[in-house]
file target_10.cif (mmCIF, C-alpha atoms)
data_query
#
loop_
_atom_site.label_atom_id
_atom_site.label_comp_id
_atom_site.auth_asym_id
_atom_site.auth_seq_id
_atom_site.Cartn_x
_atom_site.Cartn_y
_atom_site.Cartn_z
CA MET W 1 40.34 -51.41 -43.47
CA SER W 2 39.41 -54.37 -45.69
CA ASP W 3 36.75 -53.96 -48.37
CA LEU W 4 34.43 -56.33 -46.52
CA LEU W 5 34.84 -54.52 -43.22
CA ALA W 6 34.39 -51.12 -44.89
CA ALA W 7 31.21 -52.28 -46.67
CA ARG W 8 29.77 -53.82 -43.53
CA SER W 9 30.67 -50.75 -41.45
CA GLN W 10 29.05 -48.40 -43.94
CA MET W 11 25.90 -50.51 -44.12
CA ALA W 12 25.74 -50.80 -40.34
CA MET W 13 26.09 -47.05 -39.90
CA SER W 14 23.46 -46.33 -42.55
CA LEU W 15 20.98 -48.83 -41.13
CA GLY W 16 21.62 -47.67 -37.57
CA PHE W 17 20.93 -44.08 -38.59
CA HIS W 18 17.96 -44.74 -40.86
CA ILE W 19 16.13 -47.05 -38.49
CA LEU W 20 15.58 -44.20 -36.04
CA PHE W 21 13.71 -42.23 -38.68
CA ALA W 22 11.93 -45.31 -39.98
CA VAL W 23 10.37 -45.94 -36.57
CA ALA W 24 9.49 -42.24 -36.31
CA GLY W 25 7.56 -42.63 -39.55
CA MET W 26 5.67 -45.51 -37.95
CA GLY W 27 5.10 -44.09 -34.47
CA MET W 28 4.69 -40.32 -34.78
CA PRO W 29 1.66 -40.42 -37.12
CA LEU W 30 -0.20 -42.56 -34.59
CA LEU W 31 0.45 -40.00 -31.86
CA MET W 32 -0.71 -37.03 -33.92
CA VAL W 33 -3.86 -38.74 -35.21
CA LEU W 34 -4.82 -39.89 -31.70
CA SER W 35 -4.40 -36.33 -30.43
CA GLU W 36 -6.59 -34.99 -33.25
CA TRP W 37 -9.20 -37.67 -32.49
CA ARG W 38 -9.24 -36.55 -28.85
CA TRP W 39 -9.76 -32.96 -30.02
CA LEU W 40 -12.69 -33.92 -32.25
CA ARG W 41 -14.16 -36.01 -29.47
CA GLY W 42 -13.65 -33.64 -26.52
CA GLY W 43 -13.16 -30.23 -28.09
CA ARG W 44 -10.10 -29.32 -25.99
CA GLU W 45 -7.93 -26.79 -27.78
CA VAL W 46 -4.81 -28.28 -26.19
CA ASP W 47 -5.32 -31.53 -28.12
CA LEU W 48 -5.57 -29.66 -31.43
CA LEU W 49 -2.41 -27.73 -30.64
CA LEU W 50 -0.65 -30.95 -29.70
CA ALA W 51 -1.67 -32.65 -32.95
CA LYS W 52 -0.30 -29.73 -34.97
CA ARG W 53 2.98 -29.73 -33.05
CA TRP W 54 3.45 -33.44 -33.53
CA ALA W 55 2.57 -33.12 -37.21
CA LYS W 56 5.42 -30.64 -37.69
CA GLY W 57 7.82 -32.96 -35.94
CA THR W 58 6.60 -35.85 -38.09
CA ALA W 59 7.28 -33.84 -41.24
CA VAL W 60 10.88 -33.07 -40.19
CA LEU W 61 11.62 -36.70 -39.31
CA PHE W 62 9.90 -37.97 -42.46
CA ALA W 63 12.02 -35.73 -44.69
CA VAL W 64 15.30 -36.85 -43.14
CA GLY W 65 14.16 -40.48 -43.24
CA ALA W 66 13.49 -40.12 -46.96
CA VAL W 67 17.07 -38.94 -47.52
CA SER W 68 18.68 -41.67 -45.42
CA GLY W 69 16.45 -44.30 -47.01
CA THR W 70 17.51 -43.17 -50.48
CA VAL W 71 21.16 -43.51 -49.45
CA LEU W 72 20.45 -47.05 -48.28
CA SER W 73 18.88 -48.01 -51.60
CA PHE W 74 22.00 -46.83 -53.43
CA GLU W 75 24.24 -48.69 -51.00
CA LEU W 76 22.50 -51.99 -51.66
CA GLY W 77 23.51 -51.76 -55.30
CA LEU W 78 26.95 -50.22 -54.77
CA LEU W 79 28.17 -52.33 -51.86
CA TRP W 80 26.39 -55.62 -52.45
CA PRO W 81 25.91 -56.00 -56.24
CA LYS W 82 26.28 -59.79 -56.20
CA PHE W 83 23.59 -60.09 -53.56
CA MET W 84 21.21 -57.83 -55.47
CA SER W 85 21.86 -59.68 -58.73
CA TRP W 86 21.19 -63.02 -57.06
CA ALA W 87 18.26 -62.05 -54.83
CA GLY W 88 16.67 -59.10 -56.65
CA ALA W 89 13.80 -61.10 -58.11
CA LEU W 90 13.04 -62.60 -54.69
CA ILE W 91 13.04 -59.46 -52.57
CA GLY W 92 11.82 -57.02 -55.21
CA MET W 93 8.16 -57.31 -54.21
CA PRO W 94 8.49 -56.14 -50.58
CA PHE W 95 10.71 -53.25 -51.69
CA SER W 96 8.13 -52.28 -54.32
CA LEU W 97 5.33 -52.40 -51.76
CA GLU W 98 7.45 -50.36 -49.36
CA GLY W 99 7.87 -47.71 -52.06
CA PHE W 100 4.11 -47.64 -52.67
CA ALA W 101 3.39 -47.26 -48.94
CA PHE W 102 6.06 -44.56 -48.64
CA PHE W 103 4.53 -42.48 -51.43
CA ALA W 104 1.06 -42.92 -49.96
CA GLU W 105 2.38 -41.68 -46.63
CA ALA W 106 4.01 -38.67 -48.32
CA ILE W 107 0.81 -37.75 -50.18
CA PHE W 108 -1.45 -37.92 -47.15
CA LEU W 109 1.13 -36.14 -44.99
CA GLY W 110 0.86 -33.23 -47.42
CA VAL W 111 -2.92 -33.29 -47.12
CA TYR W 112 -2.63 -33.43 -43.34
CA LEU W 113 -0.15 -30.57 -43.01
CA TYR W 114 -1.91 -28.17 -45.38
CA GLY W 115 -5.50 -29.30 -45.09
CA TRP W 116 -6.49 -28.13 -41.62
CA ASP W 117 -8.79 -25.42 -42.98
CA ARG W 118 -9.29 -26.87 -46.46
CA VAL W 119 -10.96 -30.23 -45.86
CA SER W 120 -13.62 -31.37 -43.42
CA PRO W 121 -12.52 -32.50 -39.94
CA ARG W 122 -13.48 -36.10 -40.74
CA ALA W 123 -11.52 -36.07 -44.00
CA HIS W 124 -8.54 -34.56 -42.23
CA LEU W 125 -8.64 -37.22 -39.53
CA ALA W 126 -8.94 -39.89 -42.24
CA ALA W 127 -5.81 -38.50 -43.89
CA GLY W 128 -3.98 -38.78 -40.59
CA LEU W 129 -5.18 -42.33 -40.13
CA LEU W 130 -3.94 -43.24 -43.62
CA ILE W 131 -0.53 -41.76 -42.76
CA ALA W 132 -0.37 -43.98 -39.68
CA VAL W 133 -1.46 -47.07 -41.62
CA SER W 134 0.86 -46.49 -44.57
CA GLY W 135 3.77 -45.71 -42.23
CA ALA W 136 3.23 -48.96 -40.36
CA ALA W 137 2.81 -50.88 -43.63
CA SER W 138 5.99 -49.34 -45.06
CA GLY W 139 8.05 -50.49 -42.10
CA MET W 140 6.52 -53.94 -41.98
CA VAL W 141 6.89 -54.88 -45.65
CA VAL W 142 10.53 -53.78 -45.83
CA VAL W 143 11.18 -56.05 -42.84
CA PHE W 144 9.84 -58.89 -45.00
CA ALA W 145 12.96 -58.54 -47.15
CA ASN W 146 15.23 -58.80 -44.13
CA ALA W 147 13.18 -61.73 -42.84
CA TRP W 148 13.75 -63.51 -46.15
CA MET W 149 17.51 -63.14 -45.66
CA ASN W 150 17.07 -65.00 -42.35
CA THR W 151 14.70 -67.69 -43.66
CA PRO W 152 15.04 -67.78 -47.47
CA THR W 153 12.12 -69.45 -49.24
CA GLY W 154 10.27 -69.18 -52.56
CA PHE W 155 12.87 -70.75 -54.87
CA ARG W 156 14.82 -73.90 -55.69
CA LEU W 157 18.60 -73.82 -55.61
CA VAL W 158 20.03 -75.27 -58.83
CA ASP W 159 23.80 -75.10 -59.39
CA GLY W 160 24.06 -72.24 -56.94
CA GLN W 161 21.33 -70.17 -58.67
CA PRO W 162 17.67 -69.59 -57.73
CA GLN W 163 15.12 -71.31 -59.96
CA ASP W 164 11.30 -71.51 -59.92
CA ILE W 165 11.12 -68.14 -58.16
CA GLN W 166 7.89 -67.40 -56.29
CA PRO W 167 7.99 -63.78 -55.06
CA ILE W 168 4.91 -64.05 -52.84
CA ALA W 169 6.18 -67.21 -51.15
CA ALA W 170 9.53 -65.46 -50.64
CA MET W 171 7.84 -62.43 -49.10
CA LEU W 172 5.70 -64.58 -46.78
CA ASN W 173 8.64 -66.54 -45.40
CA PRO W 174 8.58 -68.04 -41.86
CA ALA W 175 10.24 -64.98 -40.30
CA SER W 176 8.04 -62.33 -41.98
CA LEU W 177 5.17 -62.17 -39.51
CA PRO W 178 7.19 -62.53 -36.27
CA GLN W 179 9.83 -60.02 -37.34
CA SER W 180 7.39 -57.44 -38.69
CA ILE W 181 5.16 -57.54 -35.60
CA HIS W 182 8.22 -57.24 -33.38
CA MET W 183 9.41 -54.25 -35.40
CA LEU W 184 6.03 -52.50 -35.32
CA LEU W 185 5.73 -52.83 -31.55
CA ALA W 186 9.34 -51.68 -31.17
CA ALA W 187 8.51 -48.57 -33.20
CA TYR W 188 5.53 -47.68 -31.01
CA ALA W 189 7.42 -48.39 -27.79
CA SER W 190 10.56 -46.45 -28.74
CA ILE W 191 8.77 -43.39 -30.15
CA GLY W 192 6.19 -43.35 -27.37
CA PHE W 193 8.82 -43.35 -24.65
CA ALA W 194 11.07 -40.87 -26.45
CA VAL W 195 8.20 -38.38 -26.79
CA ALA W 196 7.06 -39.04 -23.22
CA GLY W 197 10.59 -38.33 -21.98
CA ILE W 198 10.65 -34.93 -23.68
CA HIS W 199 7.38 -33.87 -22.09
CA ALA W 200 8.30 -35.37 -18.71
CA TRP W 201 11.42 -33.20 -18.75
CA ALA W 202 9.25 -30.13 -19.38
CA LEU W 203 6.92 -31.13 -16.55
CA LEU W 204 9.83 -31.32 -14.13
CA ARG W 205 10.10 -27.56 -14.57
CA ASP W 206 6.35 -26.88 -14.52
CA ASN W 207 4.08 -29.78 -13.61
CA THR W 208 0.91 -27.71 -14.10
CA ASN W 209 1.36 -27.27 -17.86
CA LEU W 210 -1.65 -28.92 -19.48
CA PHE W 211 0.01 -29.18 -22.91
CA HIS W 212 2.80 -31.36 -21.55
CA GLN W 213 0.43 -33.29 -19.28
CA ARG W 214 -1.76 -34.32 -22.21
CA ALA W 215 1.26 -35.15 -24.35
CA LEU W 216 2.85 -37.27 -21.61
CA GLY W 217 -0.31 -39.29 -21.05
CA LEU W 218 -0.91 -40.06 -24.72
CA ALA W 219 2.74 -40.88 -25.43
CA LEU W 220 2.84 -43.28 -22.50
CA ILE W 221 -0.30 -45.02 -23.70
CA VAL W 222 1.27 -45.70 -27.11
CA GLY W 223 4.73 -46.50 -25.74
CA GLY W 224 3.44 -48.50 -22.80
CA ILE W 225 1.15 -50.72 -24.88
CA GLY W 226 3.98 -51.33 -27.35
CA ALA W 227 6.41 -52.23 -24.55
CA ILE W 228 3.99 -54.49 -22.67
CA PHE W 229 3.07 -56.52 -25.75
CA GLN W 230 6.65 -56.68 -27.02
CA PRO W 231 7.64 -59.77 -24.96
CA LEU W 232 4.77 -61.70 -26.54
CA SER W 233 6.03 -60.94 -30.03
CA GLY W 234 9.57 -61.62 -28.83
CA ASP W 235 8.50 -65.06 -27.64
CA LEU W 236 6.96 -65.79 -31.04
CA LEU W 237 10.11 -64.59 -32.78
CA GLY W 238 12.42 -66.51 -30.44
CA LYS W 239 10.59 -69.78 -31.09
CA MET W 240 10.92 -69.19 -34.83
CA VAL W 241 14.66 -68.46 -34.53
CA ALA W 242 15.17 -71.64 -32.47
CA ARG W 243 13.61 -73.69 -35.29
CA THR W 244 15.11 -71.99 -38.32
CA GLN W 245 18.40 -70.45 -37.12
CA PRO W 246 19.69 -72.62 -34.27
CA VAL W 247 23.20 -71.15 -34.52
CA LYS W 248 21.86 -67.63 -34.02
CA PHE W 249 19.64 -68.82 -31.17
CA ALA W 250 22.55 -70.50 -29.38
CA THR W 251 24.66 -67.37 -29.86
CA MET W 252 21.96 -65.11 -28.48
CA GLU W 253 21.66 -67.24 -25.36
CA GLY W 254 25.35 -68.03 -24.87
CA GLN W 255 24.55 -71.74 -25.23
CA PHE W 256 27.63 -73.78 -26.14
CA ALA W 257 26.62 -77.33 -25.16
CA THR W 258 23.57 -79.15 -26.47
CA GLU W 259 21.47 -80.08 -23.48
CA ARG W 260 18.02 -80.81 -22.18
CA ARG W 261 16.58 -78.46 -19.58
CA ALA W 262 18.80 -75.73 -21.00
CA PRO W 263 18.95 -72.73 -18.65
CA LEU W 264 17.95 -69.19 -19.51
CA ARG W 265 20.94 -66.95 -18.91
CA ILE W 266 20.60 -63.43 -17.60
CA GLY W 267 23.80 -61.51 -18.25
CA GLY W 268 27.09 -63.35 -18.56
CA TRP W 269 30.13 -62.91 -20.77
CA PRO W 270 30.65 -65.70 -23.36
CA ASP W 271 34.11 -67.26 -23.25
CA VAL W 272 34.59 -68.67 -26.74
CA GLU W 273 37.91 -70.35 -25.97
CA ARG W 274 36.53 -72.27 -23.00
CA ARG W 275 33.08 -72.56 -24.58
CA ARG W 276 31.05 -71.43 -21.62
CA THR W 277 29.25 -68.30 -20.41
CA PRO W 278 30.44 -67.35 -16.92
CA TYR W 279 28.97 -64.67 -14.65
CA ALA W 280 25.43 -65.39 -15.88
CA ILE W 281 22.39 -65.94 -13.68
CA GLU W 282 20.97 -69.27 -14.88
CA ILE W 283 17.35 -70.38 -14.54
CA PRO W 284 17.31 -74.18 -15.19
CA GLY W 285 15.02 -75.45 -17.94
CA LEU W 286 13.57 -72.05 -18.81
CA LEU W 287 15.35 -71.71 -22.18
CA SER W 288 14.09 -75.13 -23.27
CA PHE W 289 10.58 -74.18 -22.18
CA LEU W 290 10.61 -70.81 -23.93
CA ALA W 291 11.97 -72.30 -27.16
CA TYR W 292 9.91 -75.50 -27.36
CA CYS W 293 7.18 -75.18 -24.68
CA THR W 294 8.64 -77.99 -22.58
CA ALA W 295 11.47 -77.82 -20.07
CA ASP W 296 12.82 -81.23 -21.15
CA ALA W 297 13.37 -80.24 -24.79
CA PRO W 298 16.98 -80.31 -26.01
CA VAL W 299 18.46 -77.00 -27.15
CA ARG W 300 21.30 -77.24 -29.67
CA GLY W 301 24.48 -75.48 -28.66
CA LEU W 302 27.26 -73.89 -30.69
CA ASN W 303 29.43 -76.97 -30.24
CA ASP W 304 27.15 -78.80 -32.70
CA PHE W 305 28.16 -76.48 -35.54
CA PRO W 306 31.43 -75.83 -37.40
CA ARG W 307 33.43 -72.97 -35.96
CA ASP W 308 33.43 -71.09 -39.28
CA VAL W 309 29.64 -70.58 -39.18
CA TRP W 310 29.56 -69.12 -35.69
CA PRO W 311 28.47 -65.49 -35.48
CA PRO W 312 30.52 -63.16 -33.23
CA VAL W 313 29.31 -64.70 -29.98
CA ALA W 314 30.01 -62.00 -27.37
CA PRO W 315 28.59 -59.03 -29.37
CA VAL W 316 25.41 -60.93 -30.26
CA HIS W 317 24.82 -62.24 -26.74
CA LEU W 318 25.48 -58.87 -25.11
CA SER W 319 23.29 -57.05 -27.65
CA PHE W 320 20.48 -59.48 -26.90
CA GLN W 321 20.88 -58.86 -23.17
CA VAL W 322 20.79 -55.08 -23.70
CA MET W 323 17.65 -55.36 -25.81
CA VAL W 324 15.82 -57.46 -23.22
CA ALA W 325 16.96 -55.33 -20.27
CA ALA W 326 15.87 -52.10 -21.97
CA GLY W 327 12.53 -53.64 -22.88
CA PHE W 328 11.75 -54.77 -19.33
CA ALA W 329 12.79 -51.38 -17.95
CA MET W 330 10.22 -49.73 -20.21
CA ILE W 331 7.60 -52.26 -19.12
CA PHE W 332 8.30 -51.34 -15.49
CA VAL W 333 7.74 -47.64 -16.22
CA ALA W 334 4.58 -48.43 -18.21
CA LEU W 335 3.16 -50.49 -15.33
CA TRP W 336 4.09 -47.72 -12.90
CA ALA W 337 2.13 -45.28 -15.04
CA ALA W 338 -0.85 -47.65 -15.20
CA TRP W 339 -0.75 -48.09 -11.41
CA ARG W 340 -0.81 -44.33 -10.88
CA GLN W 341 -3.73 -44.03 -13.30
CA TRP W 342 -5.58 -46.79 -11.49
CA ARG W 343 -5.00 -45.06 -8.17
CA SER W 344 -6.29 -41.81 -9.75
CA ARG W 345 -3.03 -40.01 -9.18
CA SER W 346 -1.69 -37.44 -11.60
CA LEU W 347 1.39 -38.58 -13.50
CA ALA W 348 2.77 -35.05 -13.38
CA ASN W 349 2.70 -34.79 -9.58
CA SER W 350 5.42 -37.36 -8.94
CA ARG W 351 8.93 -36.12 -9.61
CA ALA W 352 10.28 -39.63 -9.11
CA PHE W 353 7.98 -40.93 -11.83
CA LEU W 354 8.85 -38.06 -14.19
CA TRP W 355 12.56 -38.72 -13.71
CA ALA W 356 11.94 -42.41 -14.45
CA VAL W 357 10.22 -41.48 -17.73
CA VAL W 358 13.12 -39.18 -18.66
CA ALA W 359 15.59 -41.98 -17.91
CA ALA W 360 13.53 -44.43 -19.99
CA ALA W 361 13.24 -42.08 -22.98
CA PRO W 362 16.28 -43.42 -24.92
CA LEU W 363 15.82 -47.06 -23.89
CA GLY W 364 13.59 -47.87 -26.85
CA PHE W 365 16.30 -46.70 -29.24
CA PHE W 366 18.94 -48.70 -27.35
CA ALA W 367 16.73 -51.79 -27.63
CA LEU W 368 16.06 -51.07 -31.29
CA GLU W 369 19.73 -50.78 -32.24
CA ALA W 370 20.70 -53.77 -30.10
CA GLY W 371 17.91 -55.85 -31.66
CA TRP W 372 19.13 -55.11 -35.16
CA MET W 373 22.66 -56.06 -34.12
CA VAL W 374 21.26 -59.41 -32.97
CA THR W 375 19.40 -59.84 -36.25
CA GLU W 376 22.29 -58.91 -38.54
CA LEU W 377 25.37 -60.04 -36.60
CA GLY W 378 23.56 -63.20 -35.55
CA ARG W 379 23.18 -64.22 -39.20
CA GLN W 380 26.89 -63.90 -39.98
CA PRO W 381 28.82 -65.19 -41.85
CA TRP W 382 25.77 -65.38 -44.13
CA ILE W 383 24.12 -62.54 -46.00
CA ILE W 384 21.45 -65.08 -47.05
CA GLN W 385 21.20 -67.71 -44.34
CA GLY W 386 22.76 -70.96 -45.55
CA VAL W 387 22.88 -69.80 -49.17
CA MET W 388 25.34 -66.92 -49.70
CA ARG W 389 28.16 -65.73 -47.48
CA THR W 390 28.61 -62.03 -46.83
CA ALA W 391 32.19 -62.17 -48.09
CA ASP W 392 30.95 -63.49 -51.45
CA ALA W 393 28.43 -60.67 -51.91
CA VAL W 394 30.61 -57.59 -51.36
CA THR W 395 31.55 -55.28 -54.21
CA PRO W 396 35.04 -55.57 -55.77
CA MET W 397 35.25 -51.76 -55.88
CA PRO W 398 38.44 -50.52 -54.12
CA TRP W 399 38.76 -47.60 -51.72
CA LEU W 400 35.43 -48.17 -49.98
CA ILE W 401 36.73 -46.07 -47.11
CA VAL W 402 36.12 -42.95 -49.22
CA PRO W 403 32.30 -43.33 -49.57
CA PHE W 404 32.20 -44.52 -45.97
CA LEU W 405 33.69 -41.25 -44.74
CA ALA W 406 31.60 -39.15 -47.14
CA ILE W 407 28.30 -40.73 -46.12
CA SER W 408 29.30 -40.53 -42.45
CA LEU W 409 29.73 -36.77 -42.90
CA ILE W 410 26.30 -36.51 -44.55
CA TYR W 411 24.70 -38.33 -41.64
CA LEU W 412 26.44 -36.10 -39.11
CA VAL W 413 25.09 -33.01 -40.88
CA LEU W 414 21.59 -34.48 -41.07
CA ALA W 415 21.67 -35.49 -37.40
CA GLY W 416 22.77 -31.99 -36.37
CA ALA W 417 20.00 -30.39 -38.43
CA VAL W 418 17.35 -32.69 -36.96
CA VAL W 419 18.50 -32.06 -33.39
CA MET W 420 18.40 -28.28 -33.88
CA LEU W 421 14.95 -28.37 -35.47
CA LEU W 422 13.50 -30.60 -32.76
CA ILE W 423 15.02 -28.48 -29.99
CA ARG W 424 13.37 -25.43 -31.52
CA GLN W 425 10.07 -27.29 -31.70
CA VAL W 426 10.28 -28.18 -28.02
CA ARG W 427 11.26 -24.64 -26.99
CA GLU W 428 8.27 -23.24 -28.89
CA SER W 429 5.86 -25.46 -26.96
CA PRO W 430 3.24 -23.56 -24.94
CA SER W 431 4.70 -22.58 -21.57
CA ALA W 432 1.70 -20.93 -19.96
CA MET W 433 -1.14 -23.33 -20.76
CA LYS W 434 -2.80 -24.23 -17.46
CA PRO W 435 -5.69 -26.57 -16.70
CA VAL W 436 -9.16 -25.10 -16.38
CA PRO W 437 -11.85 -26.66 -14.17
CA SER W 438 -13.28 -28.64 -17.10
CA ASP W 439 -9.86 -30.20 -17.65
CA GLU W 440 -9.43 -31.48 -14.13
CA GLY W 441 -8.87 -35.18 -14.28
CA ALA W 442 -7.96 -35.01 -17.97
CA LEU W 443 -4.68 -36.67 -17.14
CA ARG W 444 -4.48 -38.60 -13.92
#

call {"tool": "encode", "arguments": {"input": "target_10.cif", "output": "structure tokens"}}
result
Amino acid sequence: MSDLLAARSQMAMSLGFHILFAVAGMGMPLLMVLSEWRWLRGGREVDLLLAKRWAKGTAVLFAVGAVSGTVLSFELGLLWPKFMSWAGALIGMPFSLEGFAFFAEAIFLGVYLYGWDRVSPRAHLAAGLLIAVSGAASGMVVVFANAWMNTPTGFRLVDGQPQDIQPIAAMLNPASLPQSIHMLLAAYASIGFAVAGIHAWALLRDNTNLFHQRALGLALIVGGIGAIFQPLSGDLLGKMVARTQPVKFATMEGQFATERRAPLRIGGWPDVERRRTPYAIEIPGLLSFLAYCTADAPVRGLNDFPRDVWPPVAPVHLSFQVMVAAGFAMIFVALWAAWRQWRSRSLANSRAFLWAVVAAAPLGFFALEAGWMVTELGRQPWIIQGVMRTADAVTPMPWLIVPFLAISLIYLVLAGAVVMLLIRQVRESPSAMKPVPSDEGALR
């Protein structure tokens, strides 16, 4: 394994592992604080119990995310020292803000976990709200750094070195807002559906359990809203990519030729040698319309660019297709849930619907991982788009396979521990909590 491949593989594995816990830190606090708010508003004991259960799960995921995030920070310096030396002054601000938000989240999580009987209900709810806000802020500002790698701004390039550095301008680059909104909605959608899937599975065994009914409804609200609004943020992000990273955009869409009325392709397998994408369903003019708001707009294809700046076409295109397919599948389930609510039908009474929620539970994570593959692979061969190649940023340290294997083992141990803890949490969920007359219609 070459040093470059080993470094990229290690970073990919670390990011792929950490991102699951990063989105948990963004999504789980919202679920627990909404459940506590429902308890304060309606006085149902089941909502209080649910908030406490979700708080424990949040603490477990937060702790593991802190460990994997620390590993990532070391890897940036160890694997990519040239990149950090070159770009440190430009991306330092979002990383600093992420650290501030992370510590704020940790502090208020401590207050939340141990303050149930020590602070007033309003203060406790406020602590939960601050956890949710700081968790969302932490995820969004760290995405600013990645967005800068896609659309680098805030400096002048003089003899290959950045001059006149403006950290705020770098942080507020063209990709910052679209990418961060897309990431936030992805976090809510993926965590909402994952949690809903767990409780839907429990309801398949006992659909009268009020604890799981309330949990399913709230998780689907969070996940469903995130999924339904995700295409809007995706449209905003896609238009930005078409303007600023046309090579990535063409790769995502399997677009080889530059043409007006470019078709949107659903599926397909890019054939790089023949420079076409067979087996795709093509909708004429739709890609041009989505990218530039007019069906007659020209869309630049890969043929317009040198072959050595093409990303890996098939992996990027297929990852993009997986992300979109998973997203629309979640939207379908969310709309199904809304339709049942509108028709005043209980979500727990339909086994077909519950099975659909269980099947959709991992789709948010599939979309999340596929989306990051599009973001990162689609930028190759650049680590900083148009400025620094990935091959020029890797460490000269030999034997990178050794830390790769060691960190892989650490992640396997962490993953096993998390799975066991979460399984125990689920098994300890109330199994005999039934609705009382006052709760009828609480979840329909």

call {"tool": "closest_residue", "arguments": {"input": "target_10.cif", "among": "W:Val426, W:Leu49, W:Leu31, W:Leu61", "to": "Ile19 of chain W", "atoms": "all atoms listed in the file"}}
result
W:Leu61

call {"tool": "closest_atom_pairs", "arguments": {"input": "target_10.cif", "of": "segment 256-349 of chain W", "to": "segment 376-396 of chain W", "cutoff": "7 Å", "atoms": "only C-alpha atoms", "output": "tab-separated table"}}
result
residue	atom	partner	partner_atom	distance
W:Val309	CA	W:Pro381	CA	6.1
W:Pro311	CA	W:Gln380	CA	5.0
W:Pro312	CA	W:Leu377	CA	6.9
W:Val316	CA	W:Gly378	CA	6.0

call {"tool": "write_last_selection", "arguments": {"input": "target_10.cif", "atoms": "C-alpha atoms", "output": "PDB file, in the frame of the given file"}}
result
ATOM      1  CA  VAL W 309      29.640 -70.580 -39.180  1.00  0.00           C
ATOM      2  CA  PRO W 311      28.470 -65.490 -35.480  1.00  0.00           C
ATOM      3  CA  PRO W 312      30.520 -63.160 -33.230  1.00  0.00           C
ATOM      4  CA  VAL W 316      25.410 -60.930 -30.260  1.00  0.00           C
TER       5      VAL W 316
END

call {"tool": "closest_atom_pairs", "arguments": {"input": "target_10.cif", "of": "segment 213-235 of chain W", "to": "segment 337-359 of chain W", "cutoff": "9 Å", "atoms": "only C-alpha atoms", "output": "Markdown table"}}
result
| residue | atom | partner | partner_atom | distance |
| --- | --- | --- | --- | --- |
| W:Gln213 | CA | W:Ala348 | CA | 6.6 |
| W:Leu216 | CA | W:Leu347 | CA | 8.3 |
| W:Gly217 | CA | W:Leu347 | CA | 7.8 |
| W:Leu220 | CA | W:Ala337 | CA | 7.8 |
| W:Ile221 | CA | W:Ala338 | CA | 8.9 |
| W:Gly224 | CA | W:Ala337 | CA | 8.5 |

call {"tool": "closest_atom_pairs", "arguments": {"input": "target_10.cif", "of": "segment 316-348 of chain W", "to": "segment 251-273 of chain W", "cutoff": "8 Å", "atoms": "all atoms listed in the file", "output": "CSV"}}
result
residue,atom,partner,partner_atom,distance
W:Val316,CA,W:Met252,CA,5.7
W:His317,CA,W:Met252,CA,4.4
W:Leu318,CA,W:Trp269,CA,7.5
W:Phe320,CA,W:Met252,CA,6.0
W:Gln321,CA,W:Gly267,CA,6.3

call {"tool": "write_last_selection", "arguments": {"input": "target_10.cif", "atoms": "C-alpha atoms", "output": "mmCIF file, keeping the file's coordinate frame"}}
result
data_model
loop_
_atom_site.group_PDB
_atom_site.id
_atom_site.type_symbol
_atom_site.label_atom_id
_atom_site.label_comp_id
_atom_site.auth_asym_id
_atom_site.auth_seq_id
_atom_site.Cartn_x
_atom_site.Cartn_y
_atom_site.Cartn_z
ATOM 1 C CA VAL W 316 25.410 -60.930 -30.260
ATOM 2 C CA HIS W 317 24.820 -62.240 -26.740
ATOM 3 C CA LEU W 318 25.480 -58.870 -25.110
ATOM 4 C CA PHE W 320 20.480 -59.480 -26.900
ATOM 5 C CA GLN W 321 20.880 -58.860 -23.170
#

call {"tool": "closest_residue", "arguments": {"input": "target_10.cif", "among": "W:Val33, W:Pro174, W:Lys56, W:Ser190", "to": "Leu422 of chain W", "atoms": "all atoms listed in the file"}}
result
W:Lys56

call {"tool": "closest_residue", "arguments": {"input": "target_10.cif", "among": "W:Val322, W:Met330, W:Leu129, W:Ile181", "to": "Ile228 of chain W", "atoms": "only C-alpha atoms"}}
result
W:Met330

call {"tool": "closest_residue", "arguments": {"input": "target_10.cif", "among": "W:Leu34, W:Ala334, W:Val374, W:Ala145", "to": "Ala250 of chain W", "atoms": "all atoms listed in the file"}}
result
W:Val374

call {"tool": "resolve_selection", "arguments": {"input": "target_10.cif", "expression": "the PyMOL selection byres ((chain W and resi 112) around 12)", "output": "PyMOL selection string"}}
result
chain W and resi 29+32-33+36+51-52+54-56+58-59+105-111+113-132

call {"tool": "closest_residue", "arguments": {"input": "target_10.cif", "among": "W:Ser233, W:Val402, W:Val46, W:Ala22", "to": "Val142 of chain W", "atoms": "only C-alpha atoms"}}
result
W:Ala22

call {"tool": "residues_around", "arguments": {"input": "target_10.cif", "residues": "Pro403 of chain W", "least_positions_apart": "3", "cutoff": "10 Å", "atoms": "only C-alpha atoms", "output": "VMD selection string"}}
result
chain W and resid 6 to 7 10 75 399 to 400 406 to 409

call {"tool": "atom_distance", "arguments": {"input": "target_10.cif", "atom1": "atom CA of Tyr292 of chain W", "atom2": "atom CA of Phe366 of chain W"}}
result
28.3 Å

call {"tool": "atom_distance", "arguments": {"input": "target_10.cif", "atom1": "atom CA of His212 of chain W", "atom2": "atom CA of Ala136 of chain W"}}
result
25.8 Å

call {"tool": "closest_residue", "arguments": {"input": "target_10.cif", "among": "W:Thr153, W:Gln230, W:Ser180, W:Gln163", "to": "Val141 of chain W", "atoms": "all atoms listed in the file"}}
result
W:Ser180

call {"tool": "atom_distance", "arguments": {"input": "target_10.cif", "atom1": "atom CA of Val324 of chain W", "atom2": "atom CA of Tyr279 of chain W"}}
result
17.3 Å
